[in-house]
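Printed here is work32.cif (mmCIF, C-alpha atoms and all ligand atoms):
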data_my_file
loop_
_atom_site.label_atom_id
_atom_site.label_comp_id
_atom_site.auth_asym_id
_atom_site.auth_seq_id
_atom_site.Cartn_x
_atom_site.Cartn_y
_atom_site.Cartn_z
CA MET A 185 25.12 96.00 -5.37
CA SER A 186 21.74 95.70 -7.10
CA ALA A 187 18.89 93.73 -5.54
CA GLY A 188 18.90 91.73 -8.75
CA LEU A 189 19.99 91.74 -12.39
CA TYR A 190 17.36 91.35 -15.12
CA PHE A 191 18.60 90.12 -18.49
CA SER A 192 16.77 90.19 -21.80
CA HIS A 193 17.52 90.59 -25.51
CA PRO A 194 15.28 91.95 -28.28
CA ALA A 195 16.09 88.93 -30.50
CA CYS A 196 14.09 86.71 -28.11
CA LEU A 197 10.91 88.34 -29.46
CA GLU A 198 11.72 87.35 -33.05
CA HIS A 199 11.30 83.60 -32.51
CA ASP A 200 7.66 82.81 -33.34
CA PRO A 201 6.60 79.17 -33.85
CA SER A 202 3.01 80.36 -34.41
CA MET A 203 4.08 81.52 -37.88
CA LEU A 204 4.37 77.83 -38.84
CA SER A 205 1.96 76.30 -36.33
CA PRO A 206 -0.89 78.79 -35.76
CA ALA A 207 -2.10 77.53 -32.35
CA HIS A 208 1.42 77.15 -30.94
CA PRO A 209 1.52 78.29 -27.29
CA ASP A 210 5.10 79.63 -27.34
CA THR A 211 4.58 83.10 -28.78
CA PRO A 212 6.50 86.37 -28.30
CA GLU A 213 3.44 87.58 -26.38
CA ARG A 214 4.71 85.55 -23.38
CA LEU A 215 7.68 87.88 -22.98
CA LEU A 216 5.68 90.96 -23.88
CA ALA A 217 3.23 90.17 -21.08
CA ILE A 218 6.09 89.93 -18.58
CA GLU A 219 7.62 93.16 -19.87
CA ARG A 220 4.30 95.02 -19.69
CA ALA A 221 3.68 93.90 -16.11
CA LEU A 222 7.16 94.94 -15.03
CA ALA A 223 7.08 98.23 -16.94
CA ALA A 224 3.92 99.16 -15.04
CA ARG A 225 5.69 98.46 -11.76
CA TRP A 226 9.43 97.80 -11.95
CA LEU A 227 11.11 95.50 -9.42
CA PRO A 228 12.54 97.57 -6.57
CA GLY A 229 16.33 97.73 -6.77
CA TRP A 230 16.62 95.52 -9.87
CA GLU A 231 18.90 96.58 -12.71
CA ARG A 232 18.08 95.82 -16.34
CA ARG A 233 20.87 94.60 -18.63
CA GLU A 234 21.08 93.38 -22.22
CA ALA A 235 22.38 89.86 -22.79
CA VAL A 236 25.43 89.05 -24.89
CA PRO A 237 24.57 86.25 -27.38
CA ALA A 238 26.26 82.91 -26.72
CA THR A 239 29.25 81.97 -28.85
CA GLU A 240 29.55 78.62 -30.63
CA ALA A 241 32.22 77.68 -28.09
CA GLU A 242 29.79 78.34 -25.22
CA LEU A 243 27.01 76.32 -26.88
CA GLY A 244 29.63 73.62 -27.52
CA LEU A 245 30.10 73.13 -23.77
CA VAL A 246 26.80 71.19 -23.88
CA HIS A 247 25.77 70.73 -27.51
CA SER A 248 27.44 68.90 -30.37
CA ALA A 249 28.82 71.06 -33.20
CA ARG A 250 26.54 69.05 -35.48
CA HIS A 251 23.43 70.11 -33.54
CA VAL A 252 24.41 73.79 -33.43
CA ARG A 253 25.16 73.76 -37.17
CA ALA A 254 21.88 72.00 -38.00
CA ILE A 255 19.83 74.66 -36.17
CA ALA A 256 21.84 77.48 -37.77
CA GLU A 257 21.39 76.02 -41.25
CA LEU A 258 17.67 75.31 -40.88
CA CYS A 259 17.08 78.91 -39.74
CA ALA A 260 19.29 80.35 -42.48
CA ALA A 261 17.22 78.39 -45.01
CA GLY A 262 14.06 80.10 -43.73
CA GLY A 263 13.09 77.64 -40.96
CA GLY A 264 10.76 74.70 -40.65
CA ALA A 265 9.50 71.97 -38.33
CA ILE A 266 11.96 70.01 -36.17
CA ASP A 267 9.27 67.83 -34.61
CA ALA A 268 5.53 68.06 -33.95
CA ASP A 269 6.07 70.74 -31.26
CA THR A 270 9.27 72.48 -32.27
CA PHE A 271 9.44 75.01 -35.09
CA VAL A 272 12.02 77.56 -36.16
CA GLY A 273 11.97 80.58 -38.43
CA GLU A 274 14.77 82.64 -39.93
CA ALA A 275 15.29 84.58 -36.66
CA SER A 276 15.15 81.62 -34.29
CA PHE A 277 18.90 80.94 -34.23
CA ARG A 278 19.48 84.55 -33.18
CA ALA A 279 16.83 84.20 -30.48
CA ALA A 280 18.25 80.92 -29.20
CA THR A 281 21.84 82.20 -29.02
CA ALA A 282 20.55 85.32 -27.22
CA ALA A 283 18.64 83.14 -24.73
CA ALA A 284 21.64 80.91 -23.98
CA GLY A 285 23.87 83.99 -23.97
CA ALA A 286 21.65 85.67 -21.39
CA ALA A 287 22.13 82.73 -19.05
CA CYS A 288 25.90 82.95 -19.61
CA THR A 289 26.00 86.76 -19.18
CA MET A 290 24.00 86.43 -15.96
CA THR A 291 26.23 83.66 -14.62
CA ARG A 292 29.37 85.71 -15.27
CA ALA A 293 27.87 88.66 -13.39
CA LEU A 294 26.67 86.53 -10.46
CA LEU A 295 29.96 84.67 -10.03
CA GLY A 296 31.73 88.02 -10.42
CA GLY A 297 29.91 89.17 -7.29
CA GLU A 298 27.74 91.80 -9.00
CA ALA A 299 24.46 90.62 -7.44
CA ALA A 300 23.02 87.77 -5.41
CA VAL A 301 20.22 87.02 -7.87
CA GLY A 302 19.60 87.31 -11.59
CA PHE A 303 16.73 86.57 -13.96
CA CYS A 304 16.74 85.89 -17.69
CA ALA A 305 13.49 86.83 -19.45
CA VAL A 306 14.25 84.80 -22.55
CA ARG A 307 12.82 82.42 -25.12
CA PRO A 308 13.04 79.91 -26.68
CA SER A 309 13.26 78.00 -23.42
CA GLY A 310 15.94 75.38 -23.03
CA HIS A 311 15.41 72.50 -20.65
CA HIS A 312 14.09 69.96 -23.19
CA ALA A 313 16.98 70.50 -25.64
CA GLU A 314 19.34 67.55 -25.39
CA PRO A 315 23.04 67.77 -26.30
CA ASP A 316 22.32 66.55 -29.83
CA ARG A 317 18.61 67.23 -30.29
CA ALA A 318 16.12 70.11 -30.22
CA MET A 319 12.68 69.21 -28.87
CA GLY A 320 9.74 70.50 -26.83
CA PHE A 321 9.99 74.15 -28.06
CA CYS A 322 13.71 74.16 -27.00
CA LEU A 323 16.73 74.61 -29.29
CA PHE A 324 19.68 75.06 -26.90
CA ASP A 325 19.65 74.29 -23.18
CA ASN A 326 20.18 77.75 -21.70
CA VAL A 327 20.60 76.64 -18.09
CA ALA A 328 22.84 73.70 -18.96
CA VAL A 329 25.13 75.91 -21.04
CA ALA A 330 25.39 78.40 -18.15
CA ALA A 331 26.13 75.62 -15.64
CA ALA A 332 28.82 74.15 -17.87
CA LEU A 333 30.34 77.60 -18.38
CA ALA A 334 30.37 78.25 -14.63
CA ILE A 335 32.41 75.10 -14.08
CA SER A 336 34.70 75.18 -17.10
CA GLU A 337 35.54 78.89 -17.14
CA LEU A 338 34.27 80.78 -14.12
CA GLY A 339 35.80 78.87 -11.25
CA ALA A 340 32.70 77.12 -9.88
CA GLU A 341 33.36 73.58 -8.69
CA ARG A 342 29.75 72.52 -8.25
CA VAL A 343 26.44 73.84 -9.61
CA PHE A 344 22.97 72.97 -8.29
CA ILE A 345 20.19 73.16 -10.87
CA LEU A 346 16.57 73.20 -9.71
CA ASP A 347 13.99 72.68 -12.46
CA TRP A 348 10.51 73.63 -11.25
CA ASP A 349 8.91 73.74 -14.70
CA VAL A 350 5.92 71.36 -14.70
CA HIS A 351 7.59 69.30 -17.47
CA HIS A 352 10.66 67.14 -16.80
CA GLY A 353 13.90 68.86 -17.81
CA ASN A 354 15.11 65.93 -19.89
CA GLY A 355 17.70 67.98 -21.77
CA THR A 356 19.45 69.22 -18.66
CA ALA A 357 19.24 65.76 -17.11
CA GLU A 358 20.91 64.23 -20.19
CA ALA A 359 23.62 66.90 -20.30
CA PHE A 360 24.77 66.07 -16.78
CA ARG A 361 23.52 62.53 -16.14
CA SER A 362 27.02 61.09 -15.65
CA ARG A 363 28.62 64.09 -13.94
CA SER A 364 29.05 64.58 -10.22
CA ASP A 365 29.79 68.32 -10.38
CA VAL A 366 26.19 69.25 -11.27
CA LEU A 367 23.30 68.25 -9.00
CA PHE A 368 20.11 68.35 -11.07
CA ALA A 369 16.74 68.21 -9.32
CA SER A 370 13.40 68.32 -11.15
CA ILE A 371 9.87 68.38 -9.76
CA HIS A 372 7.47 67.63 -12.59
CA GLN A 373 4.04 66.28 -13.37
CA TRP A 374 3.84 62.66 -14.52
CA PRO A 375 2.37 61.44 -16.76
CA LEU A 376 3.08 64.42 -18.99
CA TYR A 377 5.40 65.40 -21.85
CA PRO A 378 8.21 64.33 -22.35
CA GLY A 379 7.55 61.20 -20.27
CA THR A 380 11.04 60.98 -18.75
CA GLY A 381 12.19 61.56 -15.16
CA PRO A 382 11.00 58.64 -12.99
CA LEU A 383 11.93 58.68 -9.30
CA GLU A 384 14.20 55.67 -9.90
CA ASP A 385 16.43 57.55 -12.38
CA ALA A 386 19.18 59.00 -10.19
CA GLY A 387 21.76 59.52 -12.95
CA SER A 388 24.38 57.04 -14.07
CA GLY A 389 28.07 56.15 -13.71
CA ALA A 390 29.98 58.83 -11.81
CA GLY A 391 26.76 60.86 -11.81
CA GLU A 392 24.67 58.33 -9.89
CA GLY A 393 22.91 60.18 -7.07
CA PHE A 394 23.44 63.58 -8.72
CA THR A 395 20.08 63.50 -10.54
CA ILE A 396 16.93 63.89 -8.44
CA ASN A 397 13.67 63.23 -10.26
CA LEU A 398 10.48 63.92 -8.36
CA PRO A 399 7.40 63.16 -10.46
CA VAL A 400 4.05 64.33 -9.03
CA PRO A 401 0.55 63.34 -10.17
CA PRO A 402 -1.81 65.70 -12.02
CA GLY A 403 -3.70 67.85 -9.53
CA SER A 404 -0.71 68.22 -7.19
CA ASP A 405 -0.82 71.49 -5.32
CA GLU A 406 1.53 73.70 -3.33
CA ARG A 407 1.55 71.40 -0.31
CA LEU A 408 3.28 68.62 -2.24
CA TRP A 409 5.60 70.84 -4.30
CA LEU A 410 6.85 72.79 -1.28
CA SER A 411 7.18 69.65 0.79
CA LEU A 412 9.33 67.98 -1.87
CA LEU A 413 11.45 71.10 -2.25
CA GLU A 414 12.00 71.67 1.46
CA ARG A 415 12.23 68.09 2.71
CA VAL A 416 14.00 66.36 -0.20
CA VAL A 417 15.61 68.72 -2.71
CA LEU A 418 17.08 71.45 -0.57
CA PRO A 419 18.68 69.20 2.09
CA ALA A 420 20.45 67.34 -0.72
CA ALA A 421 21.48 70.64 -2.31
CA VAL A 422 22.91 71.90 0.99
CA SER A 423 24.97 68.71 1.39
CA PHE A 424 26.21 69.08 -2.20
CA ARG A 425 27.79 72.45 -1.27
CA PRO A 426 27.28 74.22 -4.63
CA ASP A 427 28.96 77.46 -5.67
CA LEU A 428 25.96 78.54 -7.73
CA VAL A 429 22.23 77.78 -7.95
CA LEU A 430 20.50 77.91 -11.33
CA VAL A 431 16.72 77.64 -11.56
CA SER A 432 14.89 76.42 -14.67
CA ALA A 433 11.86 78.47 -13.81
CA GLY A 434 8.77 77.42 -15.70
CA PHE A 435 5.44 78.72 -14.46
CA ASP A 436 3.28 76.07 -16.12
CA ALA A 437 2.53 74.22 -12.86
CA HIS A 438 0.05 77.04 -12.18
CA ALA A 439 -3.58 75.88 -11.95
CA GLU A 440 -4.57 78.15 -14.85
CA ASP A 441 -1.84 77.05 -17.25
CA PRO A 442 -3.30 75.41 -20.38
CA LEU A 443 -0.57 72.78 -20.89
CA ALA A 444 -0.59 70.82 -17.60
CA GLY A 445 -2.72 69.84 -14.63
CA CYS A 446 -0.93 70.89 -11.46
CA ARG A 447 -2.55 73.34 -9.09
CA LEU A 448 0.01 75.87 -7.89
CA SER A 449 -1.17 79.42 -7.26
CA THR A 450 0.68 82.59 -8.14
CA GLY A 451 1.80 82.84 -4.52
CA SER A 452 3.19 79.29 -4.66
CA PHE A 453 6.01 80.52 -6.88
CA GLY A 454 6.90 83.10 -4.24
CA GLU A 455 7.02 80.28 -1.69
CA LEU A 456 9.29 78.18 -3.93
CA ALA A 457 11.52 81.20 -4.51
CA ARG A 458 11.80 82.08 -0.80
CA ARG A 459 12.99 78.59 0.07
CA VAL A 460 15.64 78.61 -2.67
CA ARG A 461 16.64 82.17 -1.72
CA ASP A 462 17.08 81.24 1.94
CA MET A 463 19.12 78.13 1.13
CA ALA A 464 21.42 80.17 -1.15
CA ALA A 465 21.73 83.02 1.33
CA ALA A 466 22.73 80.62 4.11
CA ALA A 467 25.45 79.23 1.84
CA ALA A 468 26.41 82.73 0.59
CA ILE A 469 26.02 81.71 -3.08
CA PRO A 470 24.14 83.44 -5.91
CA VAL A 471 20.94 82.29 -7.64
CA GLY A 472 20.41 82.60 -11.39
CA VAL A 473 16.84 82.14 -12.60
CA VAL A 474 16.05 81.40 -16.25
CA LEU A 475 12.55 81.44 -17.75
CA GLU A 476 11.30 78.13 -19.14
CA GLY A 477 7.54 77.46 -19.69
CA GLY A 478 4.35 79.26 -18.71
CA TYR A 479 1.60 79.71 -21.30
CA ASN A 480 -1.20 81.70 -19.68
CA HIS A 481 0.14 85.17 -20.36
CA ARG A 482 -1.52 87.02 -17.50
CA VAL A 483 -0.67 84.30 -15.00
CA LEU A 484 2.89 84.03 -16.30
CA ALA A 485 3.52 87.73 -15.81
CA GLU A 486 2.06 87.65 -12.29
CA CYS A 487 4.07 84.56 -11.33
CA VAL A 488 7.34 86.01 -12.63
CA ARG A 489 6.78 89.17 -10.61
CA CYS A 490 5.87 87.18 -7.50
CA ALA A 491 8.95 84.95 -7.79
CA LEU A 492 11.35 87.82 -8.49
CA VAL A 493 10.07 89.93 -5.60
CA ALA A 494 10.62 86.90 -3.35
CA PHE A 495 14.07 86.17 -4.77
CA GLY A 496 14.89 89.83 -4.20
CA GLY A 497 14.29 89.38 -0.49
CA ALA A 498 10.61 90.04 0.26
CA GLY A 499 8.64 87.90 2.70
CA GLU A 500 9.36 84.85 4.79
CA ALA A 501 8.67 81.24 3.83
CA ARG A 502 5.41 79.94 5.30
CA PRO A 503 5.64 76.81 7.47
CA LEU A 504 4.98 73.55 5.65
CA ALA A 505 1.95 71.30 5.84
CA PRO A 506 2.53 67.73 7.16
CA GLU A 507 4.45 65.50 4.79
CA THR A 508 2.64 63.35 2.24
CA PRO A 509 3.17 59.68 1.33
CA ILE A 510 4.77 60.88 -1.94
CA THR A 511 7.30 62.97 -0.01
CA VAL A 512 8.09 60.05 2.30
CA ARG A 513 8.71 57.75 -0.68
CA ALA A 514 10.82 60.38 -2.47
CA ALA A 515 12.87 61.04 0.67
CA ALA A 516 13.55 57.32 1.07
CA ARG A 517 14.82 57.12 -2.52
CA VAL A 518 16.93 60.29 -2.51
CA GLY A 519 18.08 59.49 1.05
CA ARG A 520 20.16 56.62 -0.35
CA TYR A 521 22.55 59.26 -1.65
CA TRP A 522 22.06 62.32 0.53
CA PRO A 523 21.54 62.89 4.29
CA LEU A 524 18.01 64.34 4.46
ZN ZN B 601 7.04 73.34 -19.19
#

Just dump the structure as structure tokens.
Ligand SMILES: [Zn+2]
Amino acid sequence: MSAGLYFSHPACLEHDPSMLSPAHPDTPERLLAIERALAARWLPGWERREAVPATEAELGLVHSARHVRAIAELCAAGGGAIDADTFVGEASFRAATAAAGAACTMTRALLGGEAAVGFCAVRPSGHHAEPDRAMGFCLFDNVAVAAALAISELGAERVFILDWDVHHGNGTAEAFRSRSDVLFASIHQWPLYPGTGPLEDAGSGAGEGFTINLPVPPGSDERLWLSLLERVVLPAAVSFRPDLVLVSAGFDAHAEDPLAGCRLSTGSFGELARRVRDMAAAAAIPVGVVLEGGYNHRVLAECVRCALVAFGGAGEARPLAPETPITVRAAARVGRYWPL
């Protein structure tokens, strides 16, 4: 068994919003920076694999046929603007189906017992894409499609999704807001785009309690992020008894990221990863990690390496700092649904 499986697809480099919006931060250079860093020093024991693009049926597990068709047709017509942040070109549909397909290919391999951890180095990212709407650089919700596939076709009964991108994963939250077979937890800066994800929103209907939103103020550092993960999110996830963990792994909560104001360090992502790794190992379930944001190229590449080395088994989680008032308030809210 490999230490980890690394999935990518050349089509993910063909999506380039900067062709229509010159200062756009989501450029192919993001992936190239990751690839360069890993080519210089490959991850010990990790195996590289090419993704299989998602089918329309797989995308249809989360997205409406109307949405999938609209993206396909806009790209086929040469592309254009979807909103003020979201642009597609002729190749973007190919890139987006490759990105969602990578998450599906990885999930099949992980639930097939081929490795304990996988990573998808893909773009466009997915967690802002709602079932019927592209937004926030995202066309299809890669992690949501993989989670839905795991449950509908791969025998998983419950999937835990952790979204540690600095922006709220509104798309994933919407996809599963009334379902009790997916526990979605997001730590995100607020106020910040897209403005959703208040602590009070715990999901709805049969899904009430299965959405955990943990907004943190600008300037929040590792002490708060790790405290929320270890004291609030992971105890709930353990009680949920998932068969699979998926991570929407953005690296834009780093202090040097240009799009947000949190203050994580490169090492913080290793600390986040170690805690998730240890929780999954104790439950003997795999972890699939999918790239979301991260817009400082050098920092992004360093953070990805740091997280993947930790997911692959290196290092032990450092003890936590004392809890903060924000953690106490979050634990009281989430504790209505889960024993923390
Ligand atoms: Zn983000």

field: Site check for ligand ZN 601 (chain B): residues at most 6 Å away, only C-alpha atoms and all ligand atoms, as a list of chain:residue names
entry: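 Answer in the requested format: A:Asp349, A:Val350, A:His351, A:Gly434, A:Asp436, A:Gly477.
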
- line: Counting all atoms listed in the file, closest pick from A:Gly188, A:Arg250, A:Gly381, A:Ile469 relative to Pro228 of chain A is A:Gly188

Tell me, counting all atoms listed in the file, for each residue of segment 328-439 of chain A within 9 Å of segment 496-509 of chain A, which pair of atoms is nearest and how far apart they are in Å to one decimal, in rows ordered by chain and increasing number, as a Markdown table.
| residue | atom | partner | partner_atom | distance |
| --- | --- | --- | --- | --- |
| A:Arg407 | CA | A:Ala505 | CA | 6.2 |
| A:Leu408 | CA | A:Thr508 | CA | 6.9 |
| A:Leu410 | CA | A:Leu504 | CA | 7.2 |
| A:Ser411 | CA | A:Glu507 | CA | 6.4 |
| A:Leu412 | CA | A:Glu507 | CA | 8.6 |
| A:Glu414 | CA | A:Leu504 | CA | 8.4 |
| A:Arg415 | CA | A:Glu507 | CA | 8.5 |

query: So how far away is atom CA of His372 of chain A from atom CA of Val417 of chain A, in Å?
result: 12.8 Å

Could the residues of segment 453-506 of chain A that have an atom at most 12 Å from segment 190-197 of chain A be listed as CSV, each with its closest atom pair and the distance in Å to one decimal, counting all atoms listed in the file and ordered by chain and ascending residue number?
residue,atom,partner,partner_atom,distance
A:Gly472,CA,A:Tyr190,CA,10.0
A:Val473,CA,A:Tyr190,CA,9.6
A:Val474,CA,A:Phe191,CA,9.4
A:Leu475,CA,A:Ser192,CA,10.5
A:Val488,CA,A:Tyr190,CA,11.6
A:Arg489,CA,A:Tyr190,CA,11.7
A:Leu492,CA,A:Tyr190,CA,9.6
A:Gly496,CA,A:Tyr190,CA,11.3

message: If I take atom CA of Ala467 of chain A and atom CA of Gly285 of chain A, how far is one from the other in Å, to one decimal?
response: 26.3 Å

field: For atom CA of Leu413 of chain A and atom CA of Val460 of chain A, the interatomic separation in Å (one decimal)
entry: 8.6 Å

statement: Using only C-alpha atoms, the shortest atom-to-atom distance to Leu346 of chain A among A:Leu189, A:Ala465, A:Ile510, A:Ala328 belongs to A:Ala328

- prompt: Which residue gives the smallest distance to Tyr479 of chain A among A:Tyr521, A:Phe435, A:Trp409, A:Phe495, with all atoms listed in the file counted?
  reply: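 Result for the nearest residue to Tyr479 of chain A: A:Phe435.
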
message: Give me, as number ranges by chain, all polymer residues having an atom no more than 9 Å from Pro375 of chain A, counting all atoms listed in the file and skipping those fewer than 4 positions away in the same chain.
response: A: 379-380, 399-402

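Nearest residue to Met203 of chain A, choosing from A:Gly244, A:Pro442, A:Gly339, A:Gly264 and counting all atoms listed in the file: A:Gly264.
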
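Nearest residue to Ala254 of chain A among A:Ile266, A:His208, A:Ala235, A:Val343 is A:Ile266, counting all atoms listed in the file.
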
Nearest-residue call for Leu216 of chain A, choices A:Asp316, A:Glu198, A:Glu392, A:Asp267, using all atoms listed in the file: A:Glu198

query: What residues have an atom no more than 10 Å from (18.4, 70.8, -0.9) in the file's own frame, counting only C-alpha atoms, and can you write them as a PyMOL selection string?
result: chain A and resi 344+346+367+369+412-425+459-460+463-464+522-524

message: So that I can see what lies close to Asn397 of chain A, please list as a list in words the residues with an atom at most 7 Å from it, counting all atoms listed in the file and leaving out residues fewer than 2 positions away in the same chain.
response: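 Result of the neighbour search: Ala369, Ser370, Ile371, Gly381, Pro382, Leu383, Asp385, Ala386, Thr395 and Pro399 of chain A.
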
message: Need to verify the contact set: segment 308-314 of chain A, 10 Å, all atoms listed in the file, exclusion of same-chain residues closer than 3 positions in sequence. Can you return it as a PyMOL selection string?
response: chain A and resi 196-201+210-212+246-248+251+272+276-277+279-284+305+317-329+347+349+351-359+377-378+432-434+474-477

Once you have the residues from the selection above, write them out as a PDB file, in the frame of the given file, restricted to C-alpha atoms.
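Done, and the output landed in again10.pdb:
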ATOM      1  CA  CYS A 196      14.090  86.710 -28.110  1.00  0.00           C
ATOM      2  CA  LEU A 197      10.910  88.340 -29.460  1.00  0.00           C
ATOM      3  CA  GLU A 198      11.720  87.350 -33.050  1.00  0.00           C
ATOM      4  CA  HIS A 199      11.300  83.600 -32.510  1.00  0.00           C
ATOM      5  CA  ASP A 200       7.660  82.810 -33.340  1.00  0.00           C
ATOM      6  CA  PRO A 201       6.600  79.170 -33.850  1.00  0.00           C
ATOM      7  CA  ASP A 210       5.100  79.630 -27.340  1.00  0.00           C
ATOM      8  CA  THR A 211       4.580  83.100 -28.780  1.00  0.00           C
ATOM      9  CA  PRO A 212       6.500  86.370 -28.300  1.00  0.00           C
ATOM     10  CA  VAL A 246      26.800  71.190 -23.880  1.00  0.00           C
ATOM     11  CA  HIS A 247      25.770  70.730 -27.510  1.00  0.00           C
ATOM     12  CA  SER A 248      27.440  68.900 -30.370  1.00  0.00           C
ATOM     13  CA  HIS A 251      23.430  70.110 -33.540  1.00  0.00           C
ATOM     14  CA  VAL A 272      12.020  77.560 -36.160  1.00  0.00           C
ATOM     15  CA  SER A 276      15.150  81.620 -34.290  1.00  0.00           C
ATOM     16  CA  PHE A 277      18.900  80.940 -34.230  1.00  0.00           C
ATOM     17  CA  ALA A 279      16.830  84.200 -30.480  1.00  0.00           C
ATOM     18  CA  ALA A 280      18.250  80.920 -29.200  1.00  0.00           C
ATOM     19  CA  THR A 281      21.840  82.200 -29.020  1.00  0.00           C
ATOM     20  CA  ALA A 282      20.550  85.320 -27.220  1.00  0.00           C
ATOM     21  CA  ALA A 283      18.640  83.140 -24.730  1.00  0.00           C
ATOM     22  CA  ALA A 284      21.640  80.910 -23.980  1.00  0.00           C
ATOM     23  CA  ALA A 305      13.490  86.830 -19.450  1.00  0.00           C
ATOM     24  CA  ARG A 317      18.610  67.230 -30.290  1.00  0.00           C
ATOM     25  CA  ALA A 318      16.120  70.110 -30.220  1.00  0.00           C
ATOM     26  CA  MET A 319      12.680  69.210 -28.870  1.00  0.00           C
ATOM     27  CA  GLY A 320       9.740  70.500 -26.830  1.00  0.00           C
ATOM     28  CA  PHE A 321       9.990  74.150 -28.060  1.00  0.00           C
ATOM     29  CA  CYS A 322      13.710  74.160 -27.000  1.00  0.00           C
ATOM     30  CA  LEU A 323      16.730  74.610 -29.290  1.00  0.00           C
ATOM     31  CA  PHE A 324      19.680  75.060 -26.900  1.00  0.00           C
ATOM     32  CA  ASP A 325      19.650  74.290 -23.180  1.00  0.00           C
ATOM     33  CA  ASN A 326      20.180  77.750 -21.700  1.00  0.00           C
ATOM     34  CA  VAL A 327      20.600  76.640 -18.090  1.00  0.00           C
ATOM     35  CA  ALA A 328      22.840  73.700 -18.960  1.00  0.00           C
ATOM     36  CA  VAL A 329      25.130  75.910 -21.040  1.00  0.00           C
ATOM     37  CA  ASP A 347      13.990  72.680 -12.460  1.00  0.00           C
ATOM     38  CA  ASP A 349       8.910  73.740 -14.700  1.00  0.00           C
ATOM     39  CA  HIS A 351       7.590  69.300 -17.470  1.00  0.00           C
ATOM     40  CA  HIS A 352      10.660  67.140 -16.800  1.00  0.00           C
ATOM     41  CA  GLY A 353      13.900  68.860 -17.810  1.00  0.00           C
ATOM     42  CA  ASN A 354      15.110  65.930 -19.890  1.00  0.00           C
ATOM     43  CA  GLY A 355      17.700  67.980 -21.770  1.00  0.00           C
ATOM     44  CA  THR A 356      19.450  69.220 -18.660  1.00  0.00           C
ATOM     45  CA  ALA A 357      19.240  65.760 -17.110  1.00  0.00           C
ATOM     46  CA  GLU A 358      20.910  64.230 -20.190  1.00  0.00           C
ATOM     47  CA  ALA A 359      23.620  66.900 -20.300  1.00  0.00           C
ATOM     48  CA  TYR A 377       5.400  65.400 -21.850  1.00  0.00           C
ATOM     49  CA  PRO A 378       8.210  64.330 -22.350  1.00  0.00           C
ATOM     50  CA  SER A 432      14.890  76.420 -14.670  1.00  0.00           C
ATOM     51  CA  ALA A 433      11.860  78.470 -13.810  1.00  0.00           C
ATOM     52  CA  GLY A 434       8.770  77.420 -15.700  1.00  0.00           C
ATOM     53  CA  VAL A 474      16.050  81.400 -16.250  1.00  0.00           C
ATOM     54  CA  LEU A 475      12.550  81.440 -17.750  1.00  0.00           C
ATOM     55  CA  GLU A 476      11.300  78.130 -19.140  1.00  0.00           C
ATOM     56  CA  GLY A 477       7.540  77.460 -19.690  1.00  0.00           C
TER      57      GLY A 477
END
